[in-house]
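Raw data_37.cif, mmCIF, C-alpha atoms:
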data_my_file
#
loop_
_atom_site.group_PDB
_atom_site.id
_atom_site.type_symbol
_atom_site.label_atom_id
_atom_site.label_comp_id
_atom_site.auth_asym_id
_atom_site.auth_seq_id
_atom_site.Cartn_x
_atom_site.Cartn_y
_atom_site.Cartn_z
ATOM 1 C CA MET A 5 -12.931 2.121 4.485
ATOM 2 C CA LEU A 6 -13.452 -1.211 2.764
ATOM 3 C CA LEU A 7 -11.145 -0.121 -0.061
ATOM 4 C CA LEU A 8 -8.386 0.698 2.443
ATOM 5 C CA VAL A 9 -8.796 -2.649 4.205
ATOM 6 C CA ASN A 10 -8.757 -4.501 0.879
ATOM 7 C CA SER A 11 -5.622 -2.625 -0.197
ATOM 8 C CA VAL A 12 -3.764 -3.413 3.025
ATOM 9 C CA GLN A 13 -4.851 -7.039 2.770
ATOM 10 C CA LEU A 14 -3.614 -7.267 -0.812
ATOM 11 C CA VAL A 15 -0.211 -5.803 0.067
ATOM 12 C CA CYS A 16 0.103 -8.218 3.009
ATOM 13 C CA TYR A 17 -0.769 -11.248 0.897
ATOM 14 C CA ILE A 18 1.605 -10.301 -1.917
ATOM 15 C CA ALA A 19 4.426 -9.693 0.555
ATOM 16 C CA LEU A 20 3.742 -12.966 2.385
ATOM 17 C CA LEU A 21 3.798 -14.884 -0.892
ATOM 18 C CA ALA A 22 7.034 -13.142 -1.897
ATOM 19 C CA PHE A 23 8.602 -14.116 1.444
ATOM 20 C CA ALA A 24 7.466 -17.725 1.021
ATOM 21 C CA GLY A 25 8.722 -17.855 -2.558
ATOM 22 C CA ARG A 26 12.048 -16.326 -1.578
ATOM 23 C CA TRP A 27 12.473 -18.886 1.194
ATOM 24 C CA LEU A 28 11.596 -21.844 -1.032
ATOM 25 C CA LEU A 29 13.805 -20.613 -3.848
ATOM 26 C CA GLY A 30 16.623 -20.094 -1.362
ATOM 27 C CA LEU A 31 16.255 -23.712 -0.268
ATOM 28 C CA MET A 32 16.338 -24.982 -3.840
ATOM 29 C CA ALA A 33 19.144 -22.734 -5.094
ATOM 30 C CA GLY A 34 21.429 -23.314 -2.125
ATOM 31 C CA GLN A 35 24.666 -21.335 -2.072
ATOM 32 C CA GLN A 36 24.041 -19.716 -5.467
ATOM 33 C CA LYS A 37 20.784 -18.081 -4.457
ATOM 34 C CA GLU A 38 22.282 -14.577 -4.588
ATOM 35 C CA THR A 39 23.021 -14.977 -8.302
ATOM 36 C CA ASN A 40 19.556 -16.328 -9.130
ATOM 37 C CA PHE A 41 17.520 -13.770 -11.087
ATOM 38 C CA PHE A 42 14.155 -14.726 -9.584
ATOM 39 C CA TYR A 43 15.568 -14.721 -6.061
ATOM 40 C CA GLN A 44 16.832 -11.195 -6.669
ATOM 41 C CA ILE A 45 13.360 -10.083 -7.825
ATOM 42 C CA LEU A 46 11.745 -11.545 -4.726
ATOM 43 C CA ASP A 47 14.449 -9.992 -2.581
ATOM 44 C CA VAL A 48 13.661 -6.550 -4.004
ATOM 45 C CA MET A 49 9.967 -7.108 -3.233
ATOM 46 C CA VAL A 50 10.528 -8.001 0.433
ATOM 47 C CA LYS A 51 13.385 -5.622 1.220
ATOM 48 C CA PRO A 52 11.113 -2.709 2.353
ATOM 49 C CA PHE A 53 9.331 -4.999 4.810
ATOM 50 C CA ILE A 54 12.624 -6.316 6.170
ATOM 51 C CA LYS A 55 13.906 -2.767 6.645
ATOM 52 C CA GLY A 56 10.665 -1.832 8.414
ATOM 53 C CA ALA A 57 10.983 -4.828 10.715
ATOM 54 C CA ARG A 58 14.606 -3.907 11.446
ATOM 55 C CA LEU A 59 13.466 -0.421 12.512
ATOM 56 C CA ILE A 60 11.017 -1.717 15.110
ATOM 57 C CA THR A 61 13.034 -4.657 16.453
ATOM 58 C CA PRO A 62 15.692 -4.287 19.117
ATOM 59 C CA ARG A 63 19.354 -4.683 18.139
ATOM 60 C CA VAL A 64 19.503 -7.925 20.159
ATOM 61 C CA ILE A 65 17.786 -9.697 17.259
ATOM 62 C CA ILE A 66 20.426 -10.646 14.729
ATOM 63 C CA ASP A 67 20.049 -9.594 11.097
ATOM 64 C CA ARG A 68 19.599 -13.175 9.955
ATOM 65 C CA HIS A 69 16.323 -13.436 11.912
ATOM 66 C CA VAL A 70 14.789 -10.137 10.791
ATOM 67 C CA PRO A 71 13.125 -11.627 7.661
ATOM 68 C CA LEU A 72 11.312 -14.127 9.900
ATOM 69 C CA VAL A 73 10.190 -11.276 12.148
ATOM 70 C CA ALA A 74 8.915 -9.369 9.108
ATOM 71 C CA PHE A 75 7.063 -12.457 7.850
ATOM 72 C CA LEU A 76 5.409 -13.021 11.234
ATOM 73 C CA LEU A 77 4.446 -9.339 11.542
ATOM 74 C CA LEU A 78 2.878 -9.411 8.079
ATOM 75 C CA GLY A 79 1.000 -12.577 8.987
ATOM 76 C CA PHE A 80 -0.283 -10.949 12.165
ATOM 77 C CA ILE A 81 -1.342 -7.828 10.256
ATOM 78 C CA GLY A 82 -3.025 -10.051 7.660
ATOM 79 C CA VAL A 83 -5.093 -11.797 10.341
ATOM 80 C CA ILE A 84 -6.111 -8.479 11.910
ATOM 81 C CA VAL A 85 -7.075 -7.037 8.513
ATOM 82 C CA PHE A 86 -9.079 -10.168 7.709
ATOM 83 C CA PHE A 87 -11.174 -9.840 10.866
ATOM 84 C CA GLU A 88 -11.602 -6.103 10.262
ATOM 85 C CA LYS A 89 -12.858 -6.842 6.746
ATOM 86 C CA VAL A 90 -15.347 -9.362 8.107
ATOM 87 C CA SER A 91 -16.531 -6.790 10.640
ATOM 88 C CA ILE A 92 -16.993 -4.129 7.962
ATOM 89 C CA CYS A 93 -18.825 -6.559 5.683
ATOM 90 C CA MET A 94 -21.184 -7.539 8.501
ATOM 91 C CA LYS A 95 -21.991 -3.857 9.094
ATOM 92 C CA ILE A 96 -22.592 -2.774 5.491
ATOM 93 C CA GLY A 97 -24.052 -6.012 4.195
ATOM 94 C CA MET A 98 -22.571 -8.892 2.285
ATOM 95 C CA GLU A 99 -23.795 -7.723 -1.143
ATOM 96 C CA PHE A 100 -21.233 -4.884 -1.074
ATOM 97 C CA CYS A 101 -18.327 -7.179 -0.161
ATOM 98 C CA LYS A 102 -18.347 -9.489 -3.167
#
Encoded form (structure tokens):
Amino acid sequence: MLLLVNSVQLVCYIALLAFAGRWLLGLMAGQQKETNFFYQILDVMVKPFIKGARLITPRVIIDRHVPLVAFLLLGFIGVIVFFEKVSICMKIGMEFCK
């Protein structure tokens, strides 16, 4: 169970960092962000999470806001997984959670 929690936590953290990097790079690149190679890499990394967020959000939310929804959902999942990991580590002992 700890391996599953660690795996989900790792995926959440990588996706959150990719979202943050994509946003910062988009700010720095401006209008030419779509032609930036590194922006395209980050976009490929976050696209599955954006599509997943689009599936669960109502159509009232415009497409421009879906990446923010995906980022917030990943952050919420990350917090839940963190507390679950702490709970598991308290049950099995801290020497197994290093």
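Those residues that approach Val85 in chain A to within 10 Å, counting all atoms listed in the file, are Leu8, Val9, Asn10, Ser11, Val12, Gln13, Leu14, Cys16, Gly79, Phe80, Ile81, Lys89, Val90 and Ser91 of chain A; same-chain residues fewer than 4 positions away are not listed.
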task: Carefully work through the PyMOL selection byres ((chain A and resi 54) around 12) for this structure and note down the residues it includes, as a PyMOL selection string.
output: chain A and resi 19-20+22-23+47-53+55-61+67-78
Draw an axis-aligned box tight on the listed atoms of range 35-54 of chain A, then pad every side by 4 Å and write out centre and edge lengths in Å to one decimal as AutoDock Vina command-line options.
--center_x 17.0 --center_y -12.0 --center_z -2.5 --size_x 23.3 --size_y 26.6 --size_z 25.3
- prompt: Any idea what the distance is between CA of Leu31 in chain A and CA of Ile66 in chain A?
  reply: 20.3 Å
Glu88 in chain A surroundings by all atoms listed in the file, 10 Å radius, close-in-sequence under 4 positions cut, as an MDAnalysis selection string: chainID A and resid 6 9:10 82:84 92:94
- request: Measure the distance from CA of Ala24 in chain A to CA of Lys102 in chain A in Å and round it to one decimal.
  value: 27.4 Å
- request: Using all atoms listed in the file, determine which residues lie at most 10 Å from Asn40 in chain A, disregarding the query and same-chain residues fewer than 6 positions distant; provide the list as a list in words.
  value: Leu29, Gly30 and Ala33 of chain A
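The spacing separating CA of Ile45 in chain A from CA of Val64 in chain A amounts to 28.7 Å.
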